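Undergrad: Dropping in entry_7.txt, which is compact mmCIF, C-alpha atoms:
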```txt
# COMPACT_ATOMS: atom_id res chain seq x y z
CA MET A 8 -27.12 -20.93 18.21
CA SER A 9 -23.52 -22.10 18.04
CA GLU A 10 -21.17 -21.94 21.01
CA SER A 11 -19.13 -19.22 19.33
CA SER A 12 -22.27 -17.14 18.67
CA ALA A 13 -23.42 -17.55 22.26
CA ALA A 14 -19.99 -16.51 23.53
CA ALA A 15 -20.02 -13.44 21.27
CA ALA A 16 -23.47 -12.45 22.54
CA GLU A 17 -22.35 -12.81 26.15
CA ALA A 18 -19.20 -10.77 25.53
CA VAL A 19 -21.11 -7.95 23.87
CA ALA A 20 -23.71 -7.94 26.67
CA ALA A 21 -20.96 -7.79 29.32
CA ARG A 22 -19.23 -4.92 27.54
CA PHE A 23 -22.56 -3.07 27.28
CA GLU A 24 -22.98 -3.33 31.04
CA GLU A 25 -19.47 -1.94 31.56
CA LEU A 26 -20.21 1.01 29.31
CA TYR A 27 -23.74 1.89 30.39
CA GLY A 28 -24.00 0.56 33.94
CA SER A 29 -26.86 -1.90 33.43
CA ALA A 30 -27.60 -5.05 31.45
CA PRO A 31 -28.99 -4.60 27.91
CA ASP A 32 -32.61 -5.30 27.09
CA GLY A 33 -31.37 -7.84 24.55
CA VAL A 34 -28.70 -8.86 22.07
CA TRP A 35 -29.21 -9.24 18.31
CA ALA A 36 -27.05 -10.41 15.39
CA ALA A 37 -27.16 -9.71 11.65
CA PRO A 38 -24.82 -11.33 9.10
CA GLY A 39 -22.64 -10.11 6.32
CA ARG A 40 -23.28 -11.68 2.95
CA VAL A 41 -21.63 -13.15 -0.11
CA ASN A 42 -23.31 -12.58 -3.44
CA LEU A 43 -23.15 -15.78 -5.44
CA ILE A 44 -24.21 -14.09 -8.68
CA GLY A 45 -25.99 -10.89 -9.70
CA GLU A 46 -23.66 -7.92 -9.27
CA HIS A 47 -24.74 -4.29 -9.84
CA THR A 48 -28.17 -5.53 -10.88
CA ASP A 49 -30.03 -4.57 -7.71
CA TYR A 50 -30.27 -0.84 -8.45
CA ASN A 51 -31.39 -1.77 -11.97
CA ASP A 52 -34.51 -3.59 -10.63
CA GLY A 53 -32.85 -6.90 -11.50
CA PHE A 54 -32.09 -10.28 -9.96
CA VAL A 55 -29.53 -11.13 -7.28
CA MET A 56 -28.57 -14.26 -5.39
CA PRO A 57 -26.79 -13.66 -2.09
CA PHE A 58 -26.42 -15.86 0.95
CA ALA A 59 -25.61 -14.95 4.55
CA LEU A 60 -22.22 -15.57 6.14
CA PRO A 61 -21.62 -16.86 9.67
CA HIS A 62 -19.80 -13.55 10.30
CA THR A 63 -22.14 -11.12 12.07
CA ALA A 64 -22.57 -7.68 13.54
CA VAL A 65 -23.76 -8.14 17.13
CA ALA A 66 -25.62 -5.40 19.01
CA ALA A 67 -26.53 -5.17 22.68
CA VAL A 68 -29.29 -2.59 22.96
CA SER A 69 -31.55 -1.01 25.56
CA ARG A 70 -34.51 1.24 24.89
CA ARG A 71 -34.49 4.87 26.02
CA ASP A 72 -37.46 7.23 26.18
CA ASP A 73 -35.64 10.56 26.63
CA GLY A 74 -34.56 11.29 23.04
CA VAL A 75 -30.93 10.29 23.65
CA LEU A 76 -29.05 7.89 21.36
CA ARG A 77 -25.77 6.55 22.72
CA LEU A 78 -23.50 4.53 20.44
CA HIS A 79 -20.30 2.56 20.97
CA SER A 80 -18.38 0.04 18.88
CA ASP A 81 -15.62 -2.30 20.01
CA ASP A 82 -14.32 -2.28 16.44
CA ILE A 83 -13.75 1.47 16.40
CA GLY A 84 -12.94 2.07 20.05
CA GLY A 85 -13.04 5.49 21.66
CA ARG A 86 -15.71 6.94 23.87
CA VAL A 87 -19.46 6.50 23.75
CA VAL A 88 -20.96 8.90 21.19
CA GLU A 89 -24.10 10.67 22.42
CA LEU A 90 -26.63 12.12 19.96
CA SER A 91 -30.12 13.61 20.13
CA VAL A 92 -32.66 11.76 17.99
CA ASP A 93 -34.36 15.10 17.23
CA ASP A 94 -31.14 16.48 15.74
CA LEU A 95 -30.38 13.63 13.35
CA ALA A 96 -30.09 14.92 9.77
CA PRO A 97 -28.91 13.34 6.49
CA GLU A 98 -25.20 13.58 5.69
CA SER A 99 -24.50 15.41 8.95
CA ASP A 100 -22.20 12.67 10.25
CA LYS A 101 -19.16 11.29 8.43
CA ARG A 102 -18.18 8.87 11.19
CA TRP A 103 -19.09 5.19 11.64
CA THR A 104 -21.99 6.35 13.80
CA ALA A 105 -23.83 7.50 10.66
CA TYR A 106 -24.89 3.90 9.98
CA PRO A 107 -26.75 3.15 13.24
CA ALA A 108 -27.89 6.78 13.63
CA GLY A 109 -29.18 6.70 10.05
CA VAL A 110 -31.38 3.72 10.92
CA VAL A 111 -32.91 5.64 13.83
CA TRP A 112 -33.48 8.61 11.52
CA ALA A 113 -35.08 6.41 8.83
CA LEU A 114 -37.41 4.74 11.32
CA ARG A 115 -38.51 8.08 12.78
CA GLU A 116 -38.95 9.64 9.33
CA ALA A 117 -41.21 6.71 8.43
CA GLY A 118 -43.40 7.57 11.39
CA HIS A 119 -42.14 5.08 13.97
CA ALA A 120 -41.83 6.46 17.48
CA VAL A 121 -38.24 5.54 18.30
CA THR A 122 -37.35 7.65 21.34
CA GLY A 123 -33.70 6.73 21.87
CA ALA A 124 -31.45 3.81 22.71
CA ASP A 125 -28.15 2.72 24.20
CA VAL A 126 -26.23 0.60 21.67
CA HIS A 127 -22.98 -1.34 21.85
CA LEU A 128 -21.72 -3.10 18.73
CA ALA A 129 -19.06 -5.62 17.77
CA SER A 130 -18.68 -7.15 14.32
CA SER A 131 -16.80 -10.09 12.83
CA VAL A 132 -17.72 -9.05 9.25
CA PRO A 133 -14.51 -7.81 7.57
CA ALA A 134 -14.91 -4.11 6.76
CA GLY A 135 -14.18 -3.00 3.21
CA ALA A 136 -14.07 -6.58 1.94
CA GLY A 137 -17.25 -6.45 -0.17
CA LEU A 138 -19.11 -8.58 2.38
CA SER A 139 -21.66 -5.95 3.47
CA SER A 140 -20.33 -4.98 6.87
CA SER A 141 -22.33 -1.74 6.73
CA ALA A 142 -25.59 -3.51 5.90
CA ALA A 143 -25.08 -5.92 8.80
CA LEU A 144 -24.59 -2.95 11.11
CA GLU A 145 -27.74 -1.25 9.86
CA VAL A 146 -29.93 -4.34 9.94
CA VAL A 147 -28.91 -5.44 13.44
CA VAL A 148 -29.80 -2.02 14.83
CA ALA A 149 -33.07 -1.94 12.86
CA LEU A 150 -34.09 -5.37 14.16
CA ALA A 151 -33.25 -4.48 17.76
CA LEU A 152 -35.28 -1.28 17.61
CA ASN A 153 -38.13 -3.09 15.86
CA ASP A 154 -38.30 -5.54 18.76
CA LEU A 155 -37.76 -3.05 21.58
CA PHE A 156 -40.33 -0.55 20.32
CA GLY A 157 -42.83 -3.17 19.11
CA LEU A 158 -42.90 -1.78 15.56
CA GLY A 159 -44.06 -5.03 13.95
CA LEU A 160 -41.96 -4.60 10.81
CA ARG A 161 -41.02 -7.59 8.67
CA GLY A 162 -37.56 -8.43 7.41
CA TRP A 163 -37.99 -6.87 3.98
CA GLN A 164 -39.33 -3.68 5.56
CA LEU A 165 -36.33 -3.43 7.87
CA ALA A 166 -34.13 -3.94 4.79
CA ARG A 167 -35.86 -1.08 2.95
CA LEU A 168 -35.45 1.28 5.90
CA SER A 169 -31.80 0.27 6.32
CA GLN A 170 -31.19 0.94 2.64
CA ARG A 171 -32.80 4.36 2.98
CA ALA A 172 -30.52 5.08 5.92
CA GLU A 173 -27.46 4.33 3.78
CA ASN A 174 -28.76 6.09 0.67
CA VAL A 175 -30.01 9.28 2.29
CA TYR A 176 -28.41 9.61 5.72
CA VAL A 177 -24.96 8.21 4.89
CA GLY A 178 -25.07 9.30 1.25
CA ALA A 179 -24.07 6.01 -0.40
CA PRO A 180 -26.18 5.02 -3.46
CA VAL A 181 -26.38 1.29 -2.67
CA GLY A 182 -29.11 -1.05 -3.87
CA ILE A 183 -31.42 -3.20 -1.75
CA MET A 184 -29.59 -6.53 -1.97
CA ASP A 185 -27.19 -6.28 0.98
CA GLN A 186 -29.76 -5.29 3.57
CA THR A 187 -32.30 -7.85 2.33
CA ALA A 188 -29.72 -10.63 2.46
CA SER A 189 -28.75 -9.70 6.01
CA ALA A 190 -32.38 -9.52 7.13
CA CYS A 191 -33.94 -12.42 5.22
CA CYS A 192 -31.47 -15.20 4.33
CA GLU A 193 -31.90 -18.74 5.69
CA ALA A 194 -29.21 -21.22 6.68
CA GLY A 195 -28.28 -23.69 3.94
CA HIS A 196 -29.85 -21.56 1.21
CA ALA A 197 -29.10 -18.81 -1.26
CA LEU A 198 -31.72 -16.08 -1.64
CA PHE A 199 -33.10 -15.52 -5.14
CA LEU A 200 -34.35 -11.95 -4.89
CA ASP A 201 -36.25 -9.89 -7.42
CA THR A 202 -35.21 -6.38 -6.42
CA ARG A 203 -38.16 -4.77 -8.20
CA ASP A 204 -40.96 -6.30 -6.13
CA LEU A 205 -38.78 -7.84 -3.38
CA SER A 206 -40.24 -11.29 -4.01
CA GLN A 207 -37.95 -13.97 -2.61
CA ARG A 208 -37.25 -17.63 -3.12
CA GLN A 209 -34.94 -19.65 -0.88
CA ILE A 210 -32.79 -21.92 -3.08
CA PRO A 211 -31.11 -24.91 -1.37
CA PHE A 212 -27.34 -24.43 -1.46
CA ASP A 213 -25.56 -27.15 0.48
CA LEU A 214 -22.15 -27.46 -1.14
CA ALA A 215 -20.68 -29.71 1.54
CA ALA A 216 -23.26 -32.39 0.79
CA GLU A 217 -22.06 -32.40 -2.83
CA GLY A 218 -18.34 -32.51 -2.05
CA MET A 219 -17.71 -28.84 -2.86
CA ARG A 220 -16.71 -25.71 -1.02
CA LEU A 221 -17.04 -22.00 -1.70
CA LEU A 222 -14.03 -20.00 -0.59
CA VAL A 223 -13.97 -16.27 0.05
CA VAL A 224 -10.65 -14.60 -0.75
CA ASP A 225 -10.43 -11.19 0.89
CA THR A 226 -7.79 -9.33 -1.11
CA GLN A 227 -7.31 -6.82 1.75
CA VAL A 228 -7.84 -4.05 -0.81
CA LYS A 229 -10.33 -1.70 0.81
CA HIS A 230 -13.09 0.17 -0.96
CA SER A 231 -15.80 2.68 -0.10
CA HIS A 232 -19.20 2.71 -1.82
CA SER A 233 -19.69 6.37 -0.95
CA GLU A 234 -16.84 7.34 -3.26
CA GLY A 235 -17.64 8.51 -6.77
CA GLU A 236 -17.04 5.50 -9.01
CA TYR A 237 -20.00 3.49 -7.72
CA GLY A 238 -22.29 6.46 -8.24
CA LYS A 239 -20.98 6.96 -11.77
CA ARG A 240 -21.89 3.39 -12.70
CA ARG A 241 -25.39 3.86 -11.33
CA GLU A 242 -25.86 7.11 -13.23
CA GLY A 243 -24.65 5.43 -16.42
CA CYS A 244 -27.16 2.61 -15.99
CA GLU A 245 -29.96 5.12 -15.48
CA LYS A 246 -28.87 6.94 -18.60
CA GLY A 247 -28.96 3.69 -20.56
CA ALA A 248 -32.47 2.92 -19.37
CA ALA A 249 -33.64 6.40 -20.33
CA LEU A 250 -32.10 6.14 -23.81
CA LEU A 251 -33.79 2.77 -24.32
CA GLY A 252 -37.13 4.05 -23.05
CA VAL A 253 -37.48 1.55 -20.19
CA ASP A 254 -38.01 2.07 -16.48
CA ALA A 255 -34.87 0.10 -15.62
CA LEU A 256 -32.33 -2.08 -17.43
CA ARG A 257 -34.09 -5.12 -15.99
CA ASP A 258 -36.74 -4.45 -18.66
CA VAL A 259 -34.35 -5.11 -21.56
CA PRO A 260 -34.90 -8.78 -22.57
CA TYR A 261 -31.72 -10.82 -22.93
CA GLU A 262 -32.88 -12.03 -26.34
CA GLU A 263 -33.11 -8.40 -27.52
CA LEU A 264 -29.77 -7.24 -26.13
CA ASP A 265 -28.01 -6.86 -29.49
CA ALA A 266 -30.83 -4.70 -30.83
CA ALA A 267 -30.78 -2.58 -27.66
CA LEU A 268 -27.02 -2.06 -27.92
CA ALA A 269 -27.40 -1.01 -31.55
CA ARG A 270 -29.94 1.64 -30.51
CA LEU A 271 -27.38 3.13 -28.12
CA GLY A 272 -25.13 4.01 -31.05
CA ASP A 273 -21.54 4.99 -30.28
CA ASP A 274 -21.95 5.68 -26.55
CA GLU A 275 -19.51 2.92 -25.68
CA GLU A 276 -19.53 3.51 -21.92
CA VAL A 277 -23.30 3.15 -21.65
CA ARG A 278 -23.23 0.17 -24.02
CA ARG A 279 -20.81 -1.64 -21.71
CA LEU A 280 -22.90 -0.97 -18.62
CA VAL A 281 -26.11 -2.11 -20.31
CA ARG A 282 -24.46 -5.27 -21.63
CA HIS A 283 -23.23 -6.23 -18.18
CA VAL A 284 -26.56 -5.72 -16.41
CA VAL A 285 -28.65 -7.58 -18.99
CA THR A 286 -26.26 -10.54 -19.24
CA GLU A 287 -25.81 -10.66 -15.46
CA ASP A 288 -29.57 -10.89 -14.88
CA HIS A 289 -29.58 -13.78 -17.35
CA ARG A 290 -26.74 -15.48 -15.47
CA VAL A 291 -28.69 -15.28 -12.22
CA GLU A 292 -31.65 -17.04 -13.82
CA GLN A 293 -29.32 -19.71 -15.23
CA VAL A 294 -27.72 -20.33 -11.82
CA VAL A 295 -31.13 -20.67 -10.17
CA SER A 296 -32.17 -23.23 -12.78
CA LEU A 297 -28.95 -25.23 -12.35
CA LEU A 298 -29.16 -25.28 -8.55
CA GLU A 299 -32.81 -26.31 -8.59
CA SER A 300 -31.98 -29.14 -11.00
CA GLY A 301 -29.11 -30.33 -8.78
CA ASP A 302 -26.35 -29.48 -11.26
CA THR A 303 -24.33 -27.28 -8.92
CA ARG A 304 -20.95 -27.85 -10.56
CA ALA A 305 -22.26 -26.34 -13.77
CA ILE A 306 -22.52 -22.89 -12.20
CA GLY A 307 -18.71 -22.58 -12.27
CA PRO A 308 -18.43 -21.26 -15.85
CA LEU A 309 -21.19 -18.74 -15.15
CA LEU A 310 -19.17 -17.36 -12.23
CA ILE A 311 -16.17 -16.96 -14.55
CA GLU A 312 -18.34 -15.25 -17.19
CA GLY A 313 -19.69 -12.90 -14.55
CA HIS A 314 -16.21 -11.87 -13.49
CA ALA A 315 -15.17 -11.17 -17.08
CA SER A 316 -18.23 -8.96 -17.50
CA LEU A 317 -17.52 -7.06 -14.27
CA ARG A 318 -13.88 -6.66 -15.30
CA ASP A 319 -14.30 -5.69 -18.94
CA ASP A 320 -17.76 -4.15 -19.24
CA PHE A 321 -18.53 -2.71 -15.80
CA ARG A 322 -14.86 -2.10 -15.03
CA VAL A 323 -15.05 -2.52 -11.26
CA SER A 324 -12.38 -5.18 -10.78
CA CYS A 325 -8.75 -4.62 -9.79
CA PRO A 326 -5.45 -6.48 -10.31
CA GLU A 327 -5.75 -8.37 -7.03
CA LEU A 328 -9.26 -9.64 -7.81
CA ASP A 329 -8.24 -10.65 -11.34
CA LEU A 330 -5.25 -12.52 -9.94
CA VAL A 331 -7.46 -14.51 -7.55
CA VAL A 332 -9.81 -15.55 -10.35
CA ASP A 333 -7.12 -16.39 -12.91
CA THR A 334 -4.94 -18.27 -10.42
CA ALA A 335 -7.79 -20.22 -8.83
CA VAL A 336 -9.19 -21.38 -12.17
CA SER A 337 -5.72 -22.37 -13.40
CA ALA A 338 -5.22 -24.36 -10.17
CA GLY A 339 -8.38 -26.40 -10.75
CA ALA A 340 -11.24 -24.34 -9.30
CA LEU A 341 -14.65 -24.96 -10.87
CA GLY A 342 -15.34 -21.24 -11.04
CA ALA A 343 -14.46 -17.89 -9.50
CA ARG A 344 -15.43 -14.24 -9.63
CA MET A 345 -15.24 -11.01 -7.69
CA THR A 346 -18.16 -10.42 -5.33
CA GLY A 347 -19.56 -7.16 -4.01
CA GLY A 348 -19.37 -3.66 -5.43
CA GLY A 349 -15.79 -3.96 -6.62
CA PHE A 350 -12.72 -1.70 -6.62
CA GLY A 351 -11.19 -4.18 -4.15
CA GLY A 352 -12.81 -6.43 -1.61
CA SER A 353 -13.28 -10.15 -2.10
CA ALA A 354 -13.57 -12.88 -4.70
CA ILE A 355 -15.39 -16.20 -4.37
CA VAL A 356 -13.95 -19.50 -5.56
CA LEU A 357 -15.98 -22.68 -6.15
CA VAL A 358 -13.81 -25.75 -5.59
CA LYS A 359 -14.04 -29.48 -5.10
CA GLU A 360 -13.45 -30.29 -1.44
CA GLY A 361 -10.18 -32.06 -2.10
CA ASP A 362 -8.80 -29.12 -4.08
CA VAL A 363 -9.15 -26.53 -1.30
CA PRO A 364 -5.53 -26.75 -0.05
CA ALA A 365 -3.98 -26.62 -3.53
CA VAL A 366 -6.12 -23.72 -4.74
CA THR A 367 -5.56 -21.77 -1.53
CA LYS A 368 -1.81 -22.30 -1.75
CA ALA A 369 -1.73 -21.25 -5.41
CA VAL A 370 -3.54 -17.99 -4.68
CA GLU A 371 -1.34 -17.17 -1.68
CA GLU A 372 1.82 -17.86 -3.67
CA ALA A 373 0.58 -15.76 -6.61
CA PHE A 374 -0.05 -12.83 -4.28
CA ALA A 375 3.40 -13.18 -2.74
CA ALA A 376 5.03 -13.29 -6.18
CA ALA A 377 3.13 -10.15 -7.23
CA GLY A 378 4.10 -8.31 -4.06
CA PHE A 379 0.49 -8.01 -2.90
CA THR A 380 -0.67 -8.13 0.71
CA THR A 381 -1.36 -11.70 1.85
CA PRO A 382 -5.06 -12.42 1.25
CA ARG A 383 -7.42 -13.77 3.89
CA VAL A 384 -9.05 -17.04 2.76
CA PHE A 385 -12.02 -18.68 4.50
CA GLU A 386 -14.94 -20.92 3.68
CA ALA A 387 -18.34 -19.34 3.07
CA VAL A 388 -21.10 -21.35 4.74
CA PRO A 389 -24.70 -20.28 3.95
CA SER A 390 -26.01 -19.10 7.31
CA ALA A 391 -29.05 -17.61 9.04
CA GLY A 392 -30.20 -14.02 8.64
CA ALA A 393 -30.78 -11.45 11.37
CA ARG A 394 -32.18 -12.72 14.67
CA ARG A 395 -32.31 -12.10 18.40
CA VAL A 396 -29.59 -14.11 20.14
CA ARG A 397 -30.07 -13.21 23.81
```
Once more with this new file: its structure as C-alpha cells, please.
TA:
Amino acid sequence: MSESSAAAAEAVAARFEELYGSAPDGVWAAPGRVNLIGEHTDYNDGFVMPFALPHTAVAAVSRRDDGVLRLHSDDIGGRVVELSVDDLAPESDKRWTAYPAGVVWALREAGHAVTGADVHLASSVPAGAGLSSSAALEVVVALALNDLFGLGLRGWQLARLSQRAENVYVGAPVGIMDQTASACCEAGHALFLDTRDLSQRQIPFDLAAEGMRLLVVDTQVKHSHSEGEYGKRREGCEKGAALLGVDALRDVPYEELDAALARLGDDEEVRRLVRHVVTEDHRVEQVVSLLESGDTRAIGPLLIEGHASLRDDFRVSCPELDLVVDTAVSAGALGARMTGGGFGGSAIVLVKEGDVPAVTKAVEEAFAAAGFTTPRVFEAVPSAGARRVR
C-alpha cells in the first residue's frame, strides 16, 4: 500500500471514530475505473476492457447487530444518516445514501444475514466524470460487509450484487462492467471481461515500460446514468436484438453485420445502435490481440474509431468530449476516445511519453478558446481492485 493510501485509510478511520465514538472494525478501498475499450457493450452481453484507477472510495466500517445502518460521507457532508435495514426498499431514497443502502438491501435480499453497520466514506474518484464513482462506493461497502459478516463471496459475486443495488434499489440501468472492474482488476493489467458469463482474463498493460502514457481528461461536464437517455439506448439495443431474433446483440457476428442491418429495414435509430455494439465488440477483441502481441501503439486508431462510433451511431458524446479527441489527435496523440456512459464525463488519450506536455497544453488551450470549463487532466495508471487496507 502506498503512503498516500495509508494516509487516506488513517484519516478515514480517525473521522469514523469522531463520528461514532469508537474505532472501526476495518478500512477498505475500492477503485474507480477507466474503460480502455468496449462502451455500452456490457448490457448487450458483450466484451469490455476496463482497468482500475489509483483513485478510490475508502470506507471505515463496523458491524452492528441491532438492525441499524448509519451512513456518513466526507464528500457530501451533513449529519450521519440513520436507517433501519428492515425498512430498506427499492427507489425509496433519492440521496447519495441509496448506493450504500442499496448494497445492504441487495445482500439481505440474496439471503445474507447483514444486521446493520456504521459506515464512513471518503472518495477520491471524481463524481460524474464517467470513472465509476458510484460503483466504487457500492463495491467498497459490499467488500466490507462481506468481510465483517463472513459471507464468503468472491469478487464477481460482490460485483453482481452491487450492480443489482444500482439497477433495482437506485433505479439506474447500468451494466456489470463498472462493479466488476472495481472488484476484480489487478495492478498493471487491463481486465478483458466477457459480460455474459463473467469470465475474465488479465491482460498486461504497462504503458510506462513502453514509453507511453494514458491521460484522462475530465471535461467537468457532469452526467447521471439514472436519467432517461441511457435507458433509451438500452431499450433500443434490446429492441434490435428482438428484431434480429437473438438473445443479445453480442450474438450478431461481426462478419454478418451488413446482413443484420439490412434485416432491420428503415429503423435507422436501431440500426445505429446495433452497428455500434457489434463493431465495438470487434474492437475489444482487436485490442486484446494487439496488447497480447506487444503492439500497444497500434490500439490508437481503434480508440479513435470507437469514439466516432459512440459519437455518430450511439450518439452519447458531447462537444467537450469531441474537442478533446479532435485536439489531442491533431496535437500528436496516438489515439483518443470518450470513456464511460457519455453525455459528459471523461475522455482518454494515448500519447508517447514525451508528447504529454504538448497534448495537455493543446487541449487546455482549445477548451479556453471555446469558452469551456478548464478540464482536469491526469495520468491513468492501471491499479489494484478492491481490498482491505487497514
Undergrad: A:Gly178, A:Pro364, A:Pro133, A:Gly85: which is nearest Ala105 in chain A, counting all atoms listed in the file?
TA: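 Answer, going by the shortest atom-to-atom distance: A:Gly178.
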Undergrad: With all atoms listed in the file as the basis for distance, which of A:Met345, A:Ala179, A:Ile210, A:Ala37 is at the shortest distance from Glu312 in chain A?
TA: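 Closest candidate: A:Met345.
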Undergrad: How big is the axis-aligned box around the listed atoms of range 340-356 of chain A once 8 Å is added on each side, and where is its centre? Give both in Å to one decimal, as AutoDock Vina command-line options.
TA:
```
--center_x -15.4 --center_y -13.3 --center_z -6.3 --size_x 24.4 --size_y 39.3 --size_z 25.4
```
Undergrad: Can you pull out every residue within 12 Å of Ser189 in chain A, counting all atoms listed in the file, but drop anything in the same chain fewer than 3 positions away, and send it as a CSV table (one decimal) with C-alpha atoms, in the coordinates of the input?
TA:
```csv
chain,number,residue,atom,x,y,z
A,36,ALA,CA,-27.0,-10.4,15.4
A,37,ALA,CA,-27.2,-9.7,11.6
A,38,PRO,CA,-24.8,-11.3,9.1
A,39,GLY,CA,-22.6,-10.1,6.3
A,40,ARG,CA,-23.3,-11.7,3.0
A,41,VAL,CA,-21.6,-13.2,-0.1
A,42,ASN,CA,-23.3,-12.6,-3.4
A,57,PRO,CA,-26.8,-13.7,-2.1
A,58,PHE,CA,-26.4,-15.9,1.0
A,59,ALA,CA,-25.6,-15.0,4.6
A,60,LEU,CA,-22.2,-15.6,6.1
A,61,PRO,CA,-21.6,-16.9,9.7
A,62,HIS,CA,-19.8,-13.6,10.3
A,63,THR,CA,-22.1,-11.1,12.1
A,64,ALA,CA,-22.6,-7.7,13.5
A,132,VAL,CA,-17.7,-9.0,9.2
A,138,LEU,CA,-19.1,-8.6,2.4
A,139,SER,CA,-21.7,-6.0,3.5
A,140,SER,CA,-20.3,-5.0,6.9
A,141,SER,CA,-22.3,-1.7,6.7
A,142,ALA,CA,-25.6,-3.5,5.9
A,143,ALA,CA,-25.1,-5.9,8.8
A,144,LEU,CA,-24.6,-3.0,11.1
A,145,GLU,CA,-27.7,-1.2,9.9
A,146,VAL,CA,-29.9,-4.3,9.9
A,147,VAL,CA,-28.9,-5.4,13.4
A,148,VAL,CA,-29.8,-2.0,14.8
A,149,ALA,CA,-33.1,-1.9,12.9
A,150,LEU,CA,-34.1,-5.4,14.2
A,162,GLY,CA,-37.6,-8.4,7.4
A,163,TRP,CA,-38.0,-6.9,4.0
A,165,LEU,CA,-36.3,-3.4,7.9
A,166,ALA,CA,-34.1,-3.9,4.8
A,167,ARG,CA,-35.9,-1.1,3.0
A,169,SER,CA,-31.8,0.3,6.3
A,170,GLN,CA,-31.2,0.9,2.6
A,183,ILE,CA,-31.4,-3.2,-1.8
A,184,MET,CA,-29.6,-6.5,-2.0
A,185,ASP,CA,-27.2,-6.3,1.0
A,186,GLN,CA,-29.8,-5.3,3.6
A,192,CYS,CA,-31.5,-15.2,4.3
A,193,GLU,CA,-31.9,-18.7,5.7
A,194,ALA,CA,-29.2,-21.2,6.7
A,197,ALA,CA,-29.1,-18.8,-1.3
A,198,LEU,CA,-31.7,-16.1,-1.6
A,389,PRO,CA,-24.7,-20.3,4.0
A,390,SER,CA,-26.0,-19.1,7.3
A,391,ALA,CA,-29.0,-17.6,9.0
A,392,GLY,CA,-30.2,-14.0,8.6
A,393,ALA,CA,-30.8,-11.4,11.4
A,394,ARG,CA,-32.2,-12.7,14.7
```
Undergrad: Env of range 279-290 of chain A: 8 Å cut, atoms = only C-alpha atoms, seq-sep filter 6 positions within chain, self excluded. Answer as a list in words.
TA: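 Surrounding residues, per the criterion: Ile44, Gly45, Glu46, His47, Thr48, Asn51, Gly53, Phe54, Val55, Arg240, Gly243, Cys244, Gly247, Leu256, Arg257, Val259, Pro260, Tyr261, Leu264, Leu268, Leu309, Gly313, Ser316, Leu317, Asp320 and Phe321 of chain A.
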Undergrad: Report as a count of residues only all protein, DNA and RNA residues lying within 6 Å of range 300-308 of chain A, evaluated on all atoms listed in the file, omitting residues in the same chain fewer than 3 positions from it.
TA: 5
Undergrad: Of the candidates A:Glu372, A:Asp213, A:Glu299, A:Asp225, which shows the shortest atom-to-atom distance to Val388 in chain A, using all atoms listed in the file?
TA: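 Once distances to Val388 in chain A are computed over all atoms listed in the file, the minimum belongs to A:Asp213.
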Undergrad: Since the input is missing atoms for range 87-97 of chain A, could you rebuild it with N, CA, C and O atoms and give the result as a tab-separated table (two decimals), in the coordinates of the input?
TA:
```tsv
chain	number	residue	atom	x	y	z
A	87	VAL	N	-18.06	6.58	24.17
A	87	VAL	CA	-19.46	6.50	23.75
A	87	VAL	C	-19.84	7.82	23.07
A	87	VAL	O	-19.52	8.91	23.57
A	88	VAL	N	-20.49	7.72	21.91
A	88	VAL	CA	-20.96	8.90	21.19
A	88	VAL	C	-22.42	9.14	21.56
A	88	VAL	O	-23.25	8.23	21.44
A	89	GLU	N	-22.73	10.35	22.02
A	89	GLU	CA	-24.10	10.67	22.42
A	89	GLU	C	-24.72	11.65	21.43
A	89	GLU	O	-24.12	12.68	21.12
A	90	LEU	N	-25.92	11.31	20.94
A	90	LEU	CA	-26.63	12.12	19.96
A	90	LEU	C	-28.06	12.35	20.44
A	90	LEU	O	-28.58	11.60	21.26
A	91	SER	N	-28.69	13.37	19.89
A	91	SER	CA	-30.12	13.61	20.13
A	91	SER	C	-30.89	13.12	18.92
A	91	SER	O	-30.57	13.49	17.78
A	92	VAL	N	-31.91	12.29	19.12
A	92	VAL	CA	-32.66	11.76	17.99
A	92	VAL	C	-33.37	12.88	17.22
A	92	VAL	O	-33.61	12.77	16.02
A	93	ASP	N	-33.69	13.98	17.91
A	93	ASP	CA	-34.36	15.10	17.23
A	93	ASP	C	-33.42	15.87	16.31
A	93	ASP	O	-33.87	16.60	15.43
A	94	ASP	N	-32.11	15.72	16.53
A	94	ASP	CA	-31.14	16.48	15.74
A	94	ASP	C	-30.54	15.69	14.58
A	94	ASP	O	-29.71	16.22	13.83
A	95	LEU	N	-30.94	14.45	14.42
A	95	LEU	CA	-30.38	13.63	13.35
A	95	LEU	C	-30.80	14.20	11.99
A	95	LEU	O	-31.97	14.47	11.75
A	96	ALA	N	-29.81	14.35	11.09
A	96	ALA	CA	-30.09	14.92	9.77
A	96	ALA	C	-29.19	14.27	8.74
A	96	ALA	O	-28.01	13.97	9.02
A	97	PRO	N	-29.70	14.01	7.53
A	97	PRO	CA	-28.91	13.34	6.49
A	97	PRO	C	-27.58	14.02	6.22
A	97	PRO	O	-27.48	15.25	6.17
```
